[in-house]
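Visitor: Handing you this structure, nothing more for now.
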Amino acid sequence: MRAGRRTLTAALVVAAVAVTTAGCTTVGSDRPLVAVTTNILGDVVTEVVGDDVDVMVLMPPGGDPHSFEVSAQQAARLRSADLVVENGLGLEEGVAHHVRAAADDGVPVFTAGDAVDALEWTTDDDSGPDPHFWTDPARMVDVVEALGDELDAVGIDAPGAAAYANRLATLDHDMTAAFDTIPAERKALVTNHHVFGYLADRYGFRVVGAVIPSGTTLASPSAADLRDLADAIDEAGVPTIFADASQPARLAEVLADEVDVRVSIRSLATESLTEDGAASTYLGMMRSNTESIVAGLSRPIS
């Protein structure tokens, strides 16, 4: 009896392992994996590919796309993905080497920045490609169309691409109508770093300047930078500075404290989605930011 029970137990264990292994193999083969660097693009990719694809988003909600890093487990899984989607244009400074490693292993990489007509941010001392193209939903239509082609090339369906492109077009129309309510002389933007170049290009804003005169949050402003920006703010009559929610508003507060510029400071989710709330999706983030920009630039100048 003991021998029979041992034999039966062993057989059941073998059978269980076989079922489990087969299940893992089936899941791995039936559900392609798309790894996405930023959570903004992660939301877009999820809408485009639907429920039959695993989407691994590397950047956590509320993170800084310029400086976030990944775990060893995420890095390993990145190198086994069916497709990697990155923003590009120098944005993901903390994970670019992991994306390169995946590409060296033969993983196809879709660089969203290659699908748009890229702008440059410039200062008196520096310049570079502006990676913040998502602030223009019309350019995001180009990204979605190019992404659909790339997904097709690697054998992954994109059932939501057409519908999502239509939602982006509606967003663009609604943002145009909202920004048209701001008087032309008020359409001037100051941010904590250069993030709104594409929005300004699309909707007719002037970018007065940034507290950090760079395309990355990893730079730091000098005293001369702050004085120059203070003069520009005073000349333009800017009533509000917009600081990204992933960065402390302290940067804008320093401007007010050190060079005596008194303006309102509004927090926007410009570089990262939030865990919940209006800015937890790309479309929601853009609508929420539009409302805040309109309100901030329409307030009386004190």
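Labels used: A, B, ... for chains in the order of the structure tokens, numbers from 1 for residues in each chain, and numbers from 1 for ligands as shown.
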Taking 3 positions as the minimum chain separation for residues in the same chain, which residues sit within 12 Å of Ala188 (chain A) when counting only C-alpha atoms? Answer as a VMD selection string.

Guide: chain A and resid 179 182 to 185 191 196 to 197 199 to 201 203 to 210 232 to 242 293 to 294 296 to 298

Visitor: Grab the residues selected above and save them as an mmCIF file, in the first residue's frame with N, CA and C atoms.

Guide:
```cif
data_model
loop_
_atom_site.group_PDB
_atom_site.id
_atom_site.type_symbol
_atom_site.label_atom_id
_atom_site.label_comp_id
_atom_site.auth_asym_id
_atom_site.auth_seq_id
_atom_site.Cartn_x
_atom_site.Cartn_y
_atom_site.Cartn_z
ATOM 1 N N PHE A 179 -8.136 76.905 -25.610
ATOM 2 C CA PHE A 179 -7.038 77.873 -25.620
ATOM 3 C C PHE A 179 -7.388 79.137 -26.402
ATOM 4 N N ILE A 182 -8.268 82.293 -24.371
ATOM 5 C CA ILE A 182 -7.241 83.087 -23.695
ATOM 6 C C ILE A 182 -6.850 84.245 -24.608
ATOM 7 N N PRO A 183 -6.869 85.480 -24.130
ATOM 8 C CA PRO A 183 -6.426 86.606 -24.960
ATOM 9 C C PRO A 183 -4.998 86.380 -25.460
ATOM 10 N N ALA A 184 -4.726 86.824 -26.668
ATOM 11 C CA ALA A 184 -3.421 86.580 -27.288
ATOM 12 C C ALA A 184 -2.269 87.076 -26.434
ATOM 13 N N GLU A 185 -2.437 88.232 -25.782
ATOM 14 C CA GLU A 185 -1.343 88.783 -24.978
ATOM 15 C C GLU A 185 -1.083 87.968 -23.713
ATOM 16 N N THR A 191 7.483 77.524 -17.197
ATOM 17 C CA THR A 191 7.403 76.223 -16.537
ATOM 18 C C THR A 191 8.660 75.984 -15.704
ATOM 19 N N PHE A 196 6.826 72.529 -22.677
ATOM 20 C CA PHE A 196 5.645 72.874 -23.459
ATOM 21 C C PHE A 196 5.950 73.396 -24.860
ATOM 22 N N GLY A 197 7.109 73.070 -25.396
ATOM 23 C CA GLY A 197 7.445 73.557 -26.732
ATOM 24 C C GLY A 197 6.459 73.114 -27.797
ATOM 25 N N LEU A 199 3.275 72.013 -27.308
ATOM 26 C CA LEU A 199 1.971 72.622 -27.048
ATOM 27 C C LEU A 199 1.957 74.057 -27.554
ATOM 28 N N ALA A 200 3.039 74.796 -27.287
ATOM 29 C CA ALA A 200 3.127 76.185 -27.742
ATOM 30 C C ALA A 200 3.103 76.260 -29.261
ATOM 31 N N ASP A 201 3.821 75.362 -29.912
ATOM 32 C CA ASP A 201 3.879 75.334 -31.370
ATOM 33 C C ASP A 201 2.514 75.040 -31.968
ATOM 34 N N TYR A 203 -0.600 75.462 -30.461
ATOM 35 C CA TYR A 203 -1.739 76.296 -30.067
ATOM 36 C C TYR A 203 -1.406 77.782 -29.942
ATOM 37 N N GLY A 204 -0.259 78.194 -30.439
ATOM 38 C CA GLY A 204 0.038 79.612 -30.526
ATOM 39 C C GLY A 204 0.430 80.288 -29.230
ATOM 40 N N PHE A 205 1.138 79.565 -28.348
ATOM 41 C CA PHE A 205 1.651 80.176 -27.122
ATOM 42 C C PHE A 205 3.078 80.676 -27.341
ATOM 43 N N ARG A 206 3.505 81.599 -26.487
ATOM 44 C CA ARG A 206 4.900 82.002 -26.403
ATOM 45 C C ARG A 206 5.511 81.340 -25.179
ATOM 46 N N VAL A 207 6.666 80.736 -25.340
ATOM 47 C CA VAL A 207 7.370 80.172 -24.194
ATOM 48 C C VAL A 207 8.322 81.244 -23.678
ATOM 49 N N VAL A 208 7.938 81.880 -22.573
ATOM 50 C CA VAL A 208 8.741 82.961 -22.004
ATOM 51 C C VAL A 208 10.044 82.419 -21.446
ATOM 52 N N GLY A 209 9.985 81.276 -20.791
ATOM 53 C CA GLY A 209 11.185 80.688 -20.229
ATOM 54 C C GLY A 209 10.868 79.587 -19.263
ATOM 55 N N ALA A 210 11.930 79.059 -18.628
ATOM 56 C CA ALA A 210 11.794 77.980 -17.661
ATOM 57 C C ALA A 210 12.718 78.237 -16.485
ATOM 58 N N ALA A 232 12.150 88.517 -17.880
ATOM 59 C CA ALA A 232 11.251 88.107 -18.958
ATOM 60 C C ALA A 232 9.815 87.989 -18.461
ATOM 61 N N ILE A 233 9.643 87.472 -17.239
ATOM 62 C CA ILE A 233 8.307 87.354 -16.654
ATOM 63 C C ILE A 233 7.695 88.725 -16.432
ATOM 64 N N ASP A 234 8.502 89.637 -15.923
ATOM 65 C CA ASP A 234 8.006 90.986 -15.671
ATOM 66 C C ASP A 234 7.597 91.667 -16.969
ATOM 67 N N GLU A 235 8.402 91.487 -18.001
ATOM 68 C CA GLU A 235 8.107 92.116 -19.284
ATOM 69 C C GLU A 235 6.868 91.528 -19.932
ATOM 70 N N ALA A 236 6.688 90.210 -19.797
ATOM 71 C CA ALA A 236 5.542 89.545 -20.422
ATOM 72 C C ALA A 236 4.271 89.651 -19.603
ATOM 73 N N GLY A 237 4.388 90.023 -18.330
ATOM 74 C CA GLY A 237 3.206 90.108 -17.480
ATOM 75 C C GLY A 237 2.575 88.758 -17.210
ATOM 76 N N VAL A 238 3.416 87.744 -16.966
ATOM 77 C CA VAL A 238 2.924 86.383 -16.750
ATOM 78 C C VAL A 238 2.319 86.255 -15.354
ATOM 79 N N PRO A 239 1.057 85.792 -15.236
ATOM 80 C CA PRO A 239 0.441 85.693 -13.916
ATOM 81 C C PRO A 239 0.672 84.354 -13.213
ATOM 82 N N THR A 240 1.122 83.318 -13.952
ATOM 83 C CA THR A 240 1.196 81.973 -13.388
ATOM 84 C C THR A 240 2.408 81.221 -13.935
ATOM 85 N N ILE A 241 3.096 80.505 -13.031
ATOM 86 C CA ILE A 241 4.137 79.559 -13.428
ATOM 87 C C ILE A 241 3.568 78.154 -13.266
ATOM 88 N N PHE A 242 3.836 77.294 -14.235
ATOM 89 C CA PHE A 242 3.336 75.921 -14.194
ATOM 90 C C PHE A 242 4.489 74.981 -13.865
ATOM 91 N N ILE A 293 -4.319 75.413 -17.355
ATOM 92 C CA ILE A 293 -3.612 76.477 -18.080
ATOM 93 C C ILE A 293 -4.552 77.634 -18.397
ATOM 94 N N VAL A 294 -5.749 77.308 -18.850
ATOM 95 C CA VAL A 294 -6.728 78.359 -19.153
ATOM 96 C C VAL A 294 -7.036 79.168 -17.891
ATOM 97 N N GLY A 296 -5.182 79.445 -15.146
ATOM 98 C CA GLY A 296 -3.999 80.138 -14.649
ATOM 99 C C GLY A 296 -3.657 81.372 -15.431
ATOM 100 N N LEU A 297 -3.840 81.336 -16.748
ATOM 101 C CA LEU A 297 -3.491 82.494 -17.586
ATOM 102 C C LEU A 297 -4.630 83.498 -17.713
ATOM 103 N N SER A 298 -5.793 83.152 -17.179
ATOM 104 C CA SER A 298 -6.919 84.065 -17.231
ATOM 105 C C SER A 298 -7.092 84.849 -15.937
#
```

Visitor: Counting only C-alpha atoms, what is within 9 Å of Ala75 (chain A), bar same-chain residues fewer than 2 positions away, as a list in words?

Guide: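 Using only C-alpha atoms, the neighbours found are Val70, Ser71, Ala72, Gln73, Arg77, Leu78, Arg79, Val95, His98, Val99 and Ala102 of chain A.
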
Visitor: Do you have, as a Markdown table, the list of residues of region 110-216 of chain A lying at most 6 Å from region 33-52 of chain A, each with its nearest atom pair and that distance in Å to one decimal, counting only C-alpha atoms and ordered by chain then number?

Guide:
```
| residue | atom | partner | partner_atom | distance |
| --- | --- | --- | --- | --- |
| A:Ala158 | CA | A:Val49 | CA | 4.5 |
| A:Pro159 | CA | A:Val49 | CA | 6.0 |
| A:Gly160 | CA | A:Val48 | CA | 4.2 |
| A:Ala161 | CA | A:Val48 | CA | 4.6 |
```

Visitor: Which of region 100-158 of chain A end up as strand (DSSP E) when DSSP is run on this backbone - answer as a PyMOL selection string?

Guide: chain A and resi 109-111+120-122+127-129

Visitor: Convert the current residue selection to file output with N, CA, C and O atoms, as a tab-separated table (two decimals), in the first residue's frame.

Guide:
```tsv
chain	number	residue	atom	x	y	z
A	109	VAL	N	12.79	47.66	-31.36
A	109	VAL	CA	12.54	48.85	-30.55
A	109	VAL	C	11.84	49.89	-31.41
A	109	VAL	O	12.33	50.26	-32.48
A	110	PHE	N	10.69	50.36	-30.93
A	110	PHE	CA	9.96	51.44	-31.58
A	110	PHE	C	10.23	52.72	-30.82
A	110	PHE	O	9.90	52.82	-29.63
A	111	THR	N	10.84	53.71	-31.47
A	111	THR	CA	11.14	54.99	-30.86
A	111	THR	C	10.09	56.00	-31.30
A	111	THR	O	10.08	56.42	-32.46
A	120	GLU	N	13.29	71.64	-31.22
A	120	GLU	CA	14.44	71.76	-30.34
A	120	GLU	C	14.16	72.78	-29.26
A	120	GLU	O	13.46	73.77	-29.50
A	121	TRP	N	14.65	72.53	-28.05
A	121	TRP	CA	14.66	73.57	-27.02
A	121	TRP	C	16.01	74.27	-27.11
A	121	TRP	O	17.04	73.64	-27.39
A	122	THR	N	16.00	75.55	-26.92
A	122	THR	CA	17.24	76.32	-27.04
A	122	THR	C	17.32	77.36	-25.93
A	122	THR	O	16.30	77.91	-25.49
A	127	SER	N	21.28	73.69	-26.31
A	127	SER	CA	20.11	73.32	-27.13
A	127	SER	C	20.08	71.80	-27.23
A	127	SER	O	21.03	71.11	-26.87
A	128	GLY	N	18.97	71.30	-27.71
A	128	GLY	CA	18.84	69.86	-27.88
A	128	GLY	C	17.46	69.50	-28.38
A	128	GLY	O	16.55	70.33	-28.40
A	129	PRO	N	17.27	68.24	-28.81
A	129	PRO	CA	15.94	67.82	-29.26
A	129	PRO	C	14.95	67.81	-28.10
A	129	PRO	O	15.28	67.39	-26.99
```

Visitor: Tell me which of A:Asp30, A:Asp149, A:Asp244, A:Asp104 sits closest to Val211 (chain A), counting only C-alpha atoms.

Guide: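 That would be A:Asp244, the residue with the smallest distance to Val211 (chain A).
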
Visitor: Return the single residue from A:Met285, A:Gly90, A:Val53, A:Pro32 that is closest to Leu273 (chain A), with distances computed using only C-alpha atoms.

Guide: A:Met285

Visitor: Could you give me, as a count of residues only, the residues within 10 Å of Gly63 (chain A), counting only C-alpha atoms and dropping anything in the same chain fewer than 5 positions from it?

Guide: 11
